[in-house]
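K.L.:
One file: upload27.txt (compact mmCIF, C-alpha atoms and all ligand atoms).
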# COMPACT_ATOMS: atom_id res chain seq x y z
CA MET A 1 17.02 -190.10 94.95
CA GLY A 2 17.01 -189.68 91.20
CA THR A 3 19.55 -188.30 88.81
CA MET A 4 20.34 -184.78 87.66
CA LYS A 5 22.29 -183.00 84.97
CA ALA A 6 25.59 -181.33 85.77
CA ALA A 7 28.22 -179.64 83.61
CA VAL A 8 31.47 -181.35 84.55
CA LEU A 9 34.98 -180.16 83.78
CA GLN A 10 36.73 -183.35 82.65
CA ARG A 11 40.14 -181.82 82.03
CA PRO A 12 41.27 -178.32 81.05
CA GLY A 13 39.21 -177.13 78.09
CA GLU A 14 36.69 -179.97 78.20
CA ILE A 15 33.23 -179.64 79.78
CA ARG A 16 30.63 -182.39 79.43
CA VAL A 17 27.02 -182.39 80.60
CA GLU A 18 26.49 -185.64 82.51
CA GLN A 19 23.79 -187.44 84.42
CA MET A 20 24.71 -187.99 88.02
CA ARG A 21 23.09 -188.79 91.35
CA ILE A 22 21.23 -185.98 93.07
CA PRO A 23 23.17 -185.29 96.28
CA GLU A 24 21.51 -186.12 99.56
CA PRO A 25 21.35 -183.31 102.16
CA GLY A 26 23.20 -184.40 105.29
CA PRO A 27 22.47 -183.22 108.84
CA GLY A 28 22.23 -179.44 108.90
CA GLU A 29 22.12 -179.21 105.11
CA VAL A 30 19.48 -178.27 102.57
CA LEU A 31 19.01 -179.52 99.03
CA VAL A 32 18.80 -176.59 96.63
CA ARG A 33 17.31 -176.78 93.15
CA VAL A 34 19.80 -174.47 91.41
CA ARG A 35 18.25 -171.78 89.19
CA ALA A 36 21.02 -169.30 88.33
CA VAL A 37 24.81 -169.39 88.53
CA GLY A 38 27.20 -166.59 87.66
CA VAL A 39 30.42 -167.38 85.80
CA CYS A 40 33.46 -166.05 87.63
CA GLY A 41 37.03 -165.44 86.52
CA SER A 42 38.15 -168.29 88.76
CA ASP A 43 35.87 -170.71 86.88
CA VAL A 44 37.56 -169.67 83.65
CA HIS A 45 41.03 -170.26 85.13
CA TYR A 46 40.10 -173.82 86.13
CA TYR A 47 38.43 -174.37 82.77
CA LYS A 48 41.34 -173.08 80.69
CA GLU A 49 44.40 -173.84 82.78
CA GLY A 50 43.18 -176.49 85.20
CA ARG A 51 44.59 -174.65 88.21
CA ILE A 52 44.79 -171.51 90.28
CA GLY A 53 48.03 -171.42 92.24
CA ARG A 54 48.14 -174.44 94.51
CA TYR A 55 44.61 -175.58 93.63
CA VAL A 56 44.83 -178.09 90.79
CA VAL A 57 41.98 -179.90 89.02
CA GLU A 58 42.99 -183.55 89.39
CA LYS A 59 39.63 -185.23 88.87
CA PRO A 60 36.39 -184.17 87.17
CA LEU A 61 35.01 -181.03 88.82
CA ILE A 62 31.72 -179.14 88.67
CA LEU A 63 32.44 -175.40 88.37
CA GLY A 64 30.31 -172.41 89.43
CA HIS A 65 30.14 -170.80 92.88
CA GLU A 66 27.80 -167.81 92.48
CA SER A 67 24.41 -169.45 92.81
CA ALA A 68 20.82 -169.08 93.86
CA GLY A 69 17.91 -171.48 93.81
CA GLU A 70 14.98 -173.01 95.62
CA VAL A 71 15.15 -175.20 98.72
CA VAL A 72 13.51 -178.53 97.88
CA ALA A 73 14.49 -180.76 100.81
CA LEU A 74 15.90 -180.43 104.31
CA GLY A 75 18.46 -182.58 106.08
CA SER A 76 17.93 -183.42 109.73
CA GLY A 77 18.09 -180.60 112.26
CA VAL A 78 17.24 -177.76 109.85
CA SER A 79 14.46 -175.58 111.19
CA HIS A 80 15.03 -171.95 110.18
CA ILE A 81 14.53 -172.57 106.45
CA SER A 82 11.61 -174.25 104.82
CA VAL A 83 11.03 -176.17 101.64
CA GLY A 84 10.04 -173.83 98.82
CA GLY A 85 12.19 -170.96 100.10
CA ARG A 86 14.22 -169.08 97.49
CA VAL A 87 17.82 -168.59 98.59
CA ALA A 88 21.21 -167.18 97.66
CA VAL A 89 23.98 -169.67 98.38
CA GLU A 90 27.21 -168.52 100.02
CA PRO A 91 29.90 -170.72 98.46
CA GLY A 92 32.52 -170.79 101.22
CA VAL A 93 31.85 -172.70 104.43
CA PRO A 94 34.55 -172.34 107.10
CA CYS A 95 35.36 -174.62 110.05
CA ARG A 96 33.26 -172.52 112.50
CA ARG A 97 35.71 -173.38 115.32
CA CYS A 98 39.00 -171.52 114.82
CA GLY A 99 39.84 -168.05 116.11
CA TYR A 100 39.09 -166.44 112.76
CA CYS A 101 35.69 -168.06 112.62
CA LYS A 102 34.89 -167.17 116.22
CA GLY A 103 36.19 -163.65 115.67
CA GLY A 104 33.90 -163.06 112.72
CA ARG A 105 36.59 -163.08 110.03
CA TYR A 106 35.76 -166.53 108.74
CA ASN A 107 37.00 -165.62 105.26
CA LEU A 108 40.49 -166.08 106.75
CA CYS A 109 39.78 -169.54 108.15
CA ALA A 110 42.42 -172.04 106.99
CA ASP A 111 39.83 -174.77 106.64
CA VAL A 112 37.23 -173.43 104.20
CA THR A 113 35.19 -175.65 101.91
CA PHE A 114 34.73 -173.45 98.84
CA MET A 115 32.55 -174.43 95.90
CA ALA A 116 34.22 -175.10 92.56
CA THR A 117 37.68 -175.13 94.16
CA PRO A 118 39.23 -178.56 93.76
CA PRO A 119 38.16 -181.00 95.08
CA VAL A 120 34.82 -179.36 96.08
CA ASP A 121 32.11 -179.44 93.41
CA GLY A 122 30.27 -176.26 92.46
CA ALA A 123 26.83 -175.29 91.23
CA PHE A 124 26.70 -175.90 87.45
CA ALA A 125 24.21 -178.63 88.33
CA GLU A 126 20.49 -179.04 88.87
CA TYR A 127 20.89 -179.67 92.60
CA ILE A 128 23.40 -178.96 95.34
CA ALA A 129 23.38 -179.97 99.00
CA TRP A 130 24.75 -177.18 101.19
CA PRO A 131 24.87 -176.20 104.89
CA ALA A 132 21.63 -174.46 105.83
CA ASP A 133 23.45 -171.64 107.66
CA PHE A 134 25.18 -170.64 104.43
CA VAL A 135 22.03 -170.15 102.38
CA TYR A 136 20.08 -166.91 102.80
CA PRO A 137 16.43 -166.19 102.00
CA LEU A 138 16.06 -163.92 98.99
CA ALA A 139 13.83 -160.89 99.37
CA GLU A 140 10.56 -161.22 97.47
CA ASN A 141 11.44 -158.61 94.88
CA LEU A 142 14.73 -160.30 93.93
CA GLY A 143 14.98 -162.92 91.21
CA TYR A 144 17.37 -165.84 91.03
CA ALA A 145 19.74 -163.93 88.73
CA GLU A 146 20.09 -161.24 91.37
CA GLY A 147 20.50 -163.95 93.98
CA ALA A 148 23.48 -165.32 92.07
CA LEU A 149 24.99 -161.82 91.93
CA MET A 150 25.05 -161.59 95.73
CA GLU A 151 28.43 -163.35 95.69
CA PRO A 152 30.42 -160.76 93.72
CA LEU A 153 28.36 -157.98 95.37
CA ALA A 154 29.51 -159.30 98.75
CA VAL A 155 33.13 -158.88 97.61
CA GLY A 156 32.49 -155.26 96.60
CA MET A 157 30.70 -154.55 99.87
CA HIS A 158 33.46 -156.15 101.92
CA ALA A 159 36.00 -153.90 100.17
CA VAL A 160 34.00 -150.78 100.96
CA ARG A 161 33.53 -151.86 104.57
CA ARG A 162 37.22 -152.55 105.07
CA ALA A 163 38.01 -149.14 103.57
CA ARG A 164 35.62 -147.47 106.04
CA LEU A 165 34.31 -145.33 103.22
CA VAL A 166 33.05 -141.98 104.47
CA PRO A 167 30.11 -140.28 102.71
CA GLY A 168 31.36 -137.74 100.24
CA TRP A 169 34.65 -139.44 99.42
CA THR A 170 36.05 -139.53 95.92
CA VAL A 171 36.61 -143.14 94.91
CA LEU A 172 38.74 -144.37 92.01
CA ILE A 173 38.10 -147.92 90.83
CA LEU A 174 40.77 -149.46 88.61
CA GLY A 175 39.13 -152.18 86.51
CA GLY A 176 35.52 -152.51 85.34
CA GLY A 177 35.10 -156.28 85.47
CA PRO A 178 32.28 -157.67 87.62
CA ILE A 179 34.15 -157.04 90.89
CA GLY A 180 35.06 -153.46 89.97
CA GLN A 181 31.43 -152.82 89.03
CA MET A 182 30.20 -154.34 92.29
CA ALA A 183 32.66 -152.16 94.22
CA LEU A 184 31.18 -149.22 92.34
CA LEU A 185 27.65 -150.14 93.43
CA ALA A 186 28.77 -150.63 97.02
CA ALA A 187 30.68 -147.33 97.06
CA ARG A 188 27.68 -145.50 95.61
CA ALA A 189 25.37 -147.02 98.20
CA ALA A 190 27.83 -146.12 100.98
CA GLY A 191 27.66 -142.47 99.99
CA ALA A 192 30.70 -141.87 97.80
CA GLY A 193 30.58 -138.29 96.54
CA ARG A 194 32.32 -138.95 93.25
CA ILE A 195 33.27 -142.21 91.54
CA ILE A 196 35.81 -142.62 88.77
CA LEU A 197 36.28 -145.95 87.00
CA THR A 198 38.92 -147.03 84.49
CA ASP A 199 38.87 -149.90 82.01
CA LEU A 200 40.30 -150.65 78.58
CA GLU A 201 36.89 -151.81 77.31
CA ASP A 202 34.37 -149.12 76.40
CA ARG A 203 31.46 -151.50 76.95
CA ARG A 204 32.46 -151.83 80.59
CA LEU A 205 32.76 -148.06 80.93
CA ASP A 206 29.20 -147.76 79.58
CA VAL A 207 27.97 -150.22 82.19
CA ALA A 208 29.84 -148.27 84.90
CA SER A 209 28.14 -145.05 83.80
CA ARG A 210 24.75 -146.74 83.97
CA LEU A 211 25.56 -147.98 87.47
CA GLY A 212 26.46 -144.51 88.65
CA ALA A 213 30.10 -143.75 87.82
CA ASP A 214 30.60 -139.97 87.47
CA VAL A 215 33.76 -140.18 85.36
CA THR A 216 35.04 -143.06 83.23
CA ILE A 217 38.51 -143.26 81.75
CA ASN A 218 39.85 -145.56 79.03
CA PRO A 219 43.62 -145.86 79.66
CA GLY A 220 44.02 -146.87 76.02
CA ARG A 221 43.09 -143.35 74.98
CA ALA A 222 43.85 -141.04 77.89
CA SER A 223 46.45 -140.73 80.61
CA VAL A 224 44.84 -142.06 83.78
CA SER A 225 46.92 -139.85 86.05
CA ASP A 226 46.03 -136.70 84.08
CA ALA A 227 42.36 -137.58 83.95
CA VAL A 228 42.20 -138.49 87.65
CA SER A 229 44.06 -135.37 88.57
CA ALA A 230 41.64 -133.25 86.51
CA ALA A 231 38.62 -134.99 88.03
CA THR A 232 39.84 -134.50 91.62
CA ASP A 233 41.13 -130.91 91.51
CA GLU A 234 44.71 -132.26 91.56
CA GLU A 235 44.11 -133.84 95.00
CA GLY A 236 43.75 -137.47 94.06
CA PRO A 237 41.00 -139.81 95.26
CA ASP A 238 40.41 -140.57 98.96
CA LEU A 239 40.06 -144.24 98.13
CA VAL A 240 41.50 -146.32 95.28
CA ILE A 241 40.04 -149.78 94.71
CA GLU A 242 42.32 -151.98 92.58
CA ALA A 243 40.10 -154.50 90.81
CA ALA A 244 41.99 -155.04 87.55
CA GLY A 245 44.64 -157.40 88.87
CA THR A 246 47.62 -156.17 86.88
CA ALA A 247 51.05 -155.15 88.12
CA ALA A 248 50.59 -151.74 86.48
CA THR A 249 47.29 -150.96 88.23
CA VAL A 250 48.61 -152.17 91.60
CA ARG A 251 51.48 -149.71 91.23
CA GLN A 252 49.08 -147.01 90.06
CA SER A 253 46.85 -147.46 93.08
CA ILE A 254 49.62 -146.09 95.32
CA GLU A 255 50.65 -143.43 92.83
CA LEU A 256 47.18 -142.01 92.37
CA VAL A 257 45.71 -142.02 95.87
CA ARG A 258 45.73 -138.72 97.72
CA ARG A 259 48.00 -138.13 100.71
CA GLY A 260 46.55 -139.89 103.73
CA GLY A 261 44.22 -141.90 101.49
CA THR A 262 43.23 -145.55 101.45
CA VAL A 263 44.11 -148.23 98.90
CA VAL A 264 42.25 -151.49 98.62
CA TRP A 265 43.60 -154.43 96.63
CA ILE A 266 41.05 -156.96 95.39
CA GLY A 267 42.29 -158.03 91.95
CA LEU A 268 44.64 -161.01 91.93
CA PRO A 269 47.70 -159.72 90.05
CA SER A 270 48.48 -161.87 87.05
CA GLN A 271 52.14 -161.24 87.86
CA ASP A 272 53.35 -161.51 91.44
CA PRO A 273 55.36 -160.23 93.24
CA CYS A 274 54.75 -156.89 91.57
CA GLU A 275 56.53 -153.63 92.13
CA VAL A 276 55.14 -150.72 94.13
CA SER A 277 56.91 -147.73 95.64
CA ALA A 278 57.12 -148.23 99.39
CA LEU A 279 58.62 -144.77 99.70
CA GLN A 280 55.57 -143.27 98.07
CA ALA A 281 53.24 -145.25 100.34
CA ILE A 282 55.19 -144.10 103.42
CA ASP A 283 55.49 -140.50 102.32
CA LYS A 284 51.76 -140.28 101.64
CA GLU A 285 50.89 -142.32 104.74
CA VAL A 286 48.67 -144.60 102.68
CA ASP A 287 46.47 -147.22 104.33
CA ILE A 288 46.79 -150.37 102.20
CA LEU A 289 44.19 -153.11 102.68
CA GLY A 290 43.97 -156.57 101.13
CA ILE A 291 40.54 -157.99 100.39
CA PHE A 292 39.90 -161.73 100.45
CA ARG A 293 36.31 -162.74 99.72
CA TYR A 294 33.97 -161.52 102.53
CA ALA A 295 32.48 -162.49 105.86
CA ASN A 296 29.02 -161.83 107.26
CA VAL A 297 27.96 -159.80 104.22
CA TYR A 298 25.25 -161.86 102.46
CA PRO A 299 22.22 -160.74 104.52
CA ASP A 300 23.19 -157.10 104.05
CA ALA A 301 23.89 -157.62 100.34
CA ILE A 302 20.38 -159.05 99.93
CA ARG A 303 18.85 -156.15 101.85
CA LEU A 304 20.78 -153.61 99.81
CA ALA A 305 19.75 -155.19 96.51
CA ALA A 306 16.12 -155.46 97.69
CA SER A 307 16.08 -151.80 98.75
CA GLY A 308 16.27 -150.69 95.12
CA LYS A 309 19.23 -148.45 95.93
CA ILE A 310 21.44 -150.32 93.51
CA ASN A 311 20.63 -151.52 90.03
CA LEU A 312 22.13 -154.90 89.20
CA ALA A 313 20.39 -155.39 85.87
CA PRO A 314 22.97 -153.72 83.57
CA LEU A 315 25.64 -156.16 84.80
CA VAL A 316 24.14 -159.26 83.23
CA THR A 317 25.22 -159.25 79.60
CA HIS A 318 24.77 -162.92 78.65
CA ARG A 319 22.60 -165.88 79.71
CA PHE A 320 23.06 -169.55 78.80
CA PRO A 321 21.23 -172.75 79.75
CA LEU A 322 23.13 -175.38 81.78
CA GLU A 323 23.63 -177.46 78.64
CA GLU A 324 25.71 -174.56 77.26
CA ALA A 325 27.89 -174.05 80.34
CA ARG A 326 30.88 -174.44 78.07
CA GLN A 327 29.76 -171.55 75.83
CA ALA A 328 29.17 -169.47 78.97
CA LEU A 329 32.78 -170.05 80.07
CA ASP A 330 34.07 -169.39 76.56
CA THR A 331 32.15 -166.12 76.47
CA VAL A 332 33.84 -164.90 79.66
CA ALA A 333 37.23 -166.09 78.43
CA GLU A 334 37.05 -164.68 74.92
CA GLN A 335 34.61 -161.78 74.78
CA LYS A 336 36.14 -159.34 77.20
CA SER A 337 34.85 -156.42 75.15
CA SER A 338 31.18 -157.37 75.47
CA ALA A 339 30.83 -159.64 78.51
CA VAL A 340 30.48 -158.29 82.02
CA LYS A 341 28.50 -160.88 83.99
CA VAL A 342 27.56 -164.14 82.28
CA LEU A 343 24.85 -166.28 83.87
CA VAL A 344 24.04 -169.95 83.53
CA GLU A 345 20.34 -170.55 84.06
CA VAL A 346 19.45 -174.04 85.17
ZN ZN B 1 33.09 -165.26 92.00
ZN ZN B 2 37.73 -171.54 110.98
Translate this structure into C-alpha cells?
P.N.:
Amino acid sequence: MGTMKAAVLQRPGEIRVEQMRIPEPGPGEVLVRVRAVGVCGSDVHYYKEGRIGRYVVEKPLILGHESAGEVVALGSGVSHISVGGRVAVEPGVPCRRCGYCKGGRYNLCADVTFMATPPVDGAFAEYIAWPADFVYPLAENLGYAEGALMEPLAVGMHAVRRARLVPGWTVLILGGGPIGQMALLAARAAGAGRIILTDLEDRRLDVASRLGADVTINPGRASVSDAVSAATDEEGPDLVIEAAGTAATVRQSIELVRRGGTVVWIGLPSQDPCEVSALQAIDKEVDILGIFRYANVYPDAIRLAASGKINLAPLVTHRFPLEEARQALDTVAEQKSSAVKVLVEV
C-alpha cells in the first residue's frame, strides 16, 4: 500500500499535514477514500486543550469524526458493500457483545472505539479503514458534505426520538450550534407544531429561521422567559432541548418547560455540576432525559436527508481543503459569530 496525507495533531495547538501509510482494511473492514469531514466542538477541544475530561491526547492524533467517502477496497468477509460505493461513516464502533449492544443501546457500551478520541485516529486523512457494518450507503441524491453531516444529524434525531416528540408540540431549543440546528431539523421533520430557538449569535438565528424555526430569540437583547412565554400563550413549551451546554441554559430548561413537559439535555455543560431546581422539576413533573450520541439512527438519517424534507445546505458555512485542517479548526474555535458547520474536503 502507498502513502497518504493526514492532518495530525502533534500537541495542543499544533497540526501538521504528514505523509503516512495508507491503512490496510482488516477482516470485516472497508477502506474508505475520505471526501468530506465535519469539524466538531470535540475536535476543537482536543486541538486547543489536548483533552476532554478523562480523554487526553498523549501521542499524535488524527482528528475528525464526521465523515463520508468512497469505498475503495474491502477486507476479507465483506459482502454487503462494494467497491465504488459512497458511504457515510459512523464514528463509534461498540463491542457488539455486551447487554447494551445486544439491547440496541450500543451508544452506552463501555467499550466503544470512537474516532478522534485518544488513542483512536479520526478522518482528517485521505483514507480510513473502518468496520463495514458501521458505514452506510449514501442515497444517490446526497453528496459527501451531506454524508458528513449525518453524524450531528443522528444526534438531533436521537434526541427527538428519546423525547417521543408528538406532532404539534411546541419545542424550545436552547443553543443554535450545529447540534441545536440538527435538533431543529429533526423536530421539524417529526411534526413539531412550533419551534423556538435561542442563541447569542444573530447569524445562527438566521440559519435557524432558514431551517424552519418559527421564533428566534437572542438572549443578549431580550428576556428568554418573556419571549418564550409570549410565544407559547404563557404555557411554556412541551419540549425543551438544551444544546448550548451552559449552566444557565441547563437551569433554564427546567424553568421554561411547561408542566408535565419533557426536557432533553444534549449540550455538555462547560461547568459541572451545575445547579437546577429539583423542586421545580418535581412540582412540574418534568421528564428529564440525557442524550449521549445515538444508536441505530444512521440509515434513518440518510433516508430523511434524501427525502428532501430537511434542508442541510444552510448549515455549511465554511469549507477548507485537508491541507488547511488547522484553519478549519481555528475557524470553529474563533469565529463563533459566523461559523455554524465547517467542513474539511479531502
Ligand atoms: Zn460531532
Ligand atoms: Zn457493548
K.L.:
Set the cut-off to 12 Å, count all atoms listed in the file, and list whatever residues fall near ligand ZN 2 (chain B) as a list of chain:residue names.
P.N.:
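The residues within 12 Å of ligand ZN 2 (chain B), counting all atoms listed in the file, are A:Gly92, A:Val93, A:Pro94, A:Cys95, A:Arg96, A:Arg97, A:Cys98, A:Gly99, A:Tyr100, A:Cys101, A:Lys102, A:Gly103, A:Gly104, A:Arg105, A:Tyr106, A:Asn107, A:Leu108, A:Cys109, A:Ala110, A:Asp111, A:Val112, A:Thr113, A:Ala295.
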K.L.:
CA of Leu165 (chain A) to CA of Ala190 (chain A): how many Å, to one decimal?
P.N.:
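CA of Ala190 (chain A) lies 6.9 Å from CA of Leu165 (chain A).
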K.L.:
Quick one: contact table of chain A to ligand ZN 1 (chain B), 9 Å max, nearest atom pair and distance in Å to one decimal per residue, counting all atoms listed in the file, chain and number order, as a tab-separated table?
P.N.:
residue	atom	partner	partner_atom	distance
A:Gly38	CA	B:ZN1	ZN	7.4
A:Val39	CA	B:ZN1	ZN	7.1
A:Cys40	CA	B:ZN1	ZN	4.5
A:Gly41	CA	B:ZN1	ZN	6.8
A:Ser42	CA	B:ZN1	ZN	6.7
A:Asp43	CA	B:ZN1	ZN	8.0
A:Gly64	CA	B:ZN1	ZN	8.1
A:His65	CA	B:ZN1	ZN	6.3
A:Glu66	CA	B:ZN1	ZN	5.9
A:Leu149	CA	B:ZN1	ZN	8.8
A:Glu151	CA	B:ZN1	ZN	6.2
A:Pro152	CA	B:ZN1	ZN	5.5
A:Val155	CA	B:ZN1	ZN	8.5
A:Pro178	CA	B:ZN1	ZN	8.8
A:Ile179	CA	B:ZN1	ZN	8.4
A:Arg293	CA	B:ZN1	ZN	8.7
K.L.:
Between CA of Tyr46 (chain A) and CA of Thr198 (chain A), what is the spacing in Å?
P.N.:
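Value for the CA of Thr198 (chain A)-CA of Tyr46 (chain A) distance: 26.9 Å.
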K.L.:
Would you tabulate, counting only C-alpha atoms, all residues of region 56-97 of chain A that have an atom at most 9 Å from an atom of region 14-28 of chain A, showing the closest pair of atoms and their distance in Å to one decimal, sorted by chain then ascending number, as a Markdown table?
P.N.:
| residue | atom | partner | partner_atom | distance |
| --- | --- | --- | --- | --- |
| A:Ala73 | CA | A:Pro25 | CA | 7.4 |
| A:Leu74 | CA | A:Pro25 | CA | 6.5 |
| A:Gly75 | CA | A:Pro27 | CA | 4.9 |
| A:Ser76 | CA | A:Pro27 | CA | 4.6 |
| A:Gly77 | CA | A:Gly28 | CA | 5.5 |
| A:Val78 | CA | A:Gly28 | CA | 5.4 |
| A:Ser79 | CA | A:Gly28 | CA | 9.0 |
K.L.:
Quick one: distance from CA of Ala187 (chain A) to CA of Gly220 (chain A) in Å, one decimal?
P.N.:
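Here the two named atoms are 24.9 Å from each other.
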K.L.:
Can you give me N, CA and C atoms for region 270-287 of chain A, written as an mmCIF file, keeping the file's coordinate frame?
P.N.:
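For reference, part-v8.cif as written:
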data_model
loop_
_atom_site.group_PDB
_atom_site.id
_atom_site.type_symbol
_atom_site.label_atom_id
_atom_site.label_comp_id
_atom_site.auth_asym_id
_atom_site.auth_seq_id
_atom_site.Cartn_x
_atom_site.Cartn_y
_atom_site.Cartn_z
ATOM 1 N N SER A 270 48.078 -160.776 87.921
ATOM 2 C CA SER A 270 48.480 -161.870 87.050
ATOM 3 C C SER A 270 49.986 -162.101 87.173
ATOM 4 N N GLN A 271 50.691 -161.088 87.662
ATOM 5 C CA GLN A 271 52.140 -161.240 87.860
ATOM 6 C C GLN A 271 52.431 -160.873 89.307
ATOM 7 N N ASP A 272 53.127 -161.753 90.008
ATOM 8 C CA ASP A 272 53.350 -161.510 91.440
ATOM 9 C C ASP A 272 54.647 -162.179 91.868
ATOM 10 N N PRO A 273 55.522 -161.569 92.658
ATOM 11 C CA PRO A 273 55.360 -160.230 93.240
ATOM 12 C C PRO A 273 55.333 -159.134 92.170
ATOM 13 N N CYS A 274 54.693 -158.013 92.489
ATOM 14 C CA CYS A 274 54.750 -156.890 91.570
ATOM 15 C C CYS A 274 55.250 -155.647 92.311
ATOM 16 N N GLU A 275 55.779 -154.733 91.546
ATOM 17 C CA GLU A 275 56.530 -153.630 92.130
ATOM 18 C C GLU A 275 55.642 -152.443 92.517
ATOM 19 N N VAL A 276 55.770 -151.979 93.745
ATOM 20 C CA VAL A 276 55.140 -150.720 94.130
ATOM 21 C C VAL A 276 56.193 -149.881 94.843
ATOM 22 N N SER A 277 55.964 -148.591 94.923
ATOM 23 C CA SER A 277 56.910 -147.730 95.640
ATOM 24 C C SER A 277 56.536 -147.656 97.109
ATOM 25 N N ALA A 278 57.349 -148.298 97.945
ATOM 26 C CA ALA A 278 57.120 -148.230 99.390
ATOM 27 C C ALA A 278 57.333 -146.797 99.878
ATOM 28 N N LEU A 279 58.313 -146.137 99.288
ATOM 29 C CA LEU A 279 58.620 -144.770 99.700
ATOM 30 C C LEU A 279 57.406 -143.861 99.517
ATOM 31 N N GLN A 280 56.768 -144.058 98.354
ATOM 32 C CA GLN A 280 55.570 -143.270 98.070
ATOM 33 C C GLN A 280 54.458 -143.567 99.101
ATOM 34 N N ALA A 281 54.293 -144.855 99.384
ATOM 35 C CA ALA A 281 53.240 -145.250 100.340
ATOM 36 C C ALA A 281 53.525 -144.657 101.718
ATOM 37 N N ILE A 282 54.809 -144.645 102.102
ATOM 38 C CA ILE A 282 55.190 -144.100 103.420
ATOM 39 C C ILE A 282 55.009 -142.587 103.424
ATOM 40 N N ASP A 283 55.538 -141.954 102.394
ATOM 41 C CA ASP A 283 55.490 -140.500 102.320
ATOM 42 C C ASP A 283 54.059 -139.974 102.329
ATOM 43 N N LYS A 284 53.168 -140.705 101.677
ATOM 44 C CA LYS A 284 51.760 -140.280 101.640
ATOM 45 C C LYS A 284 50.965 -140.805 102.824
ATOM 46 N N GLU A 285 51.577 -141.647 103.626
ATOM 47 C CA GLU A 285 50.890 -142.320 104.740
ATOM 48 C C GLU A 285 49.605 -142.997 104.247
ATOM 49 N N VAL A 286 49.805 -143.900 103.289
ATOM 50 C CA VAL A 286 48.670 -144.600 102.680
ATOM 51 C C VAL A 286 48.263 -145.787 103.547
ATOM 52 N N ASP A 287 46.972 -145.982 103.720
ATOM 53 C CA ASP A 287 46.470 -147.220 104.330
ATOM 54 C C ASP A 287 46.226 -148.226 103.218
#
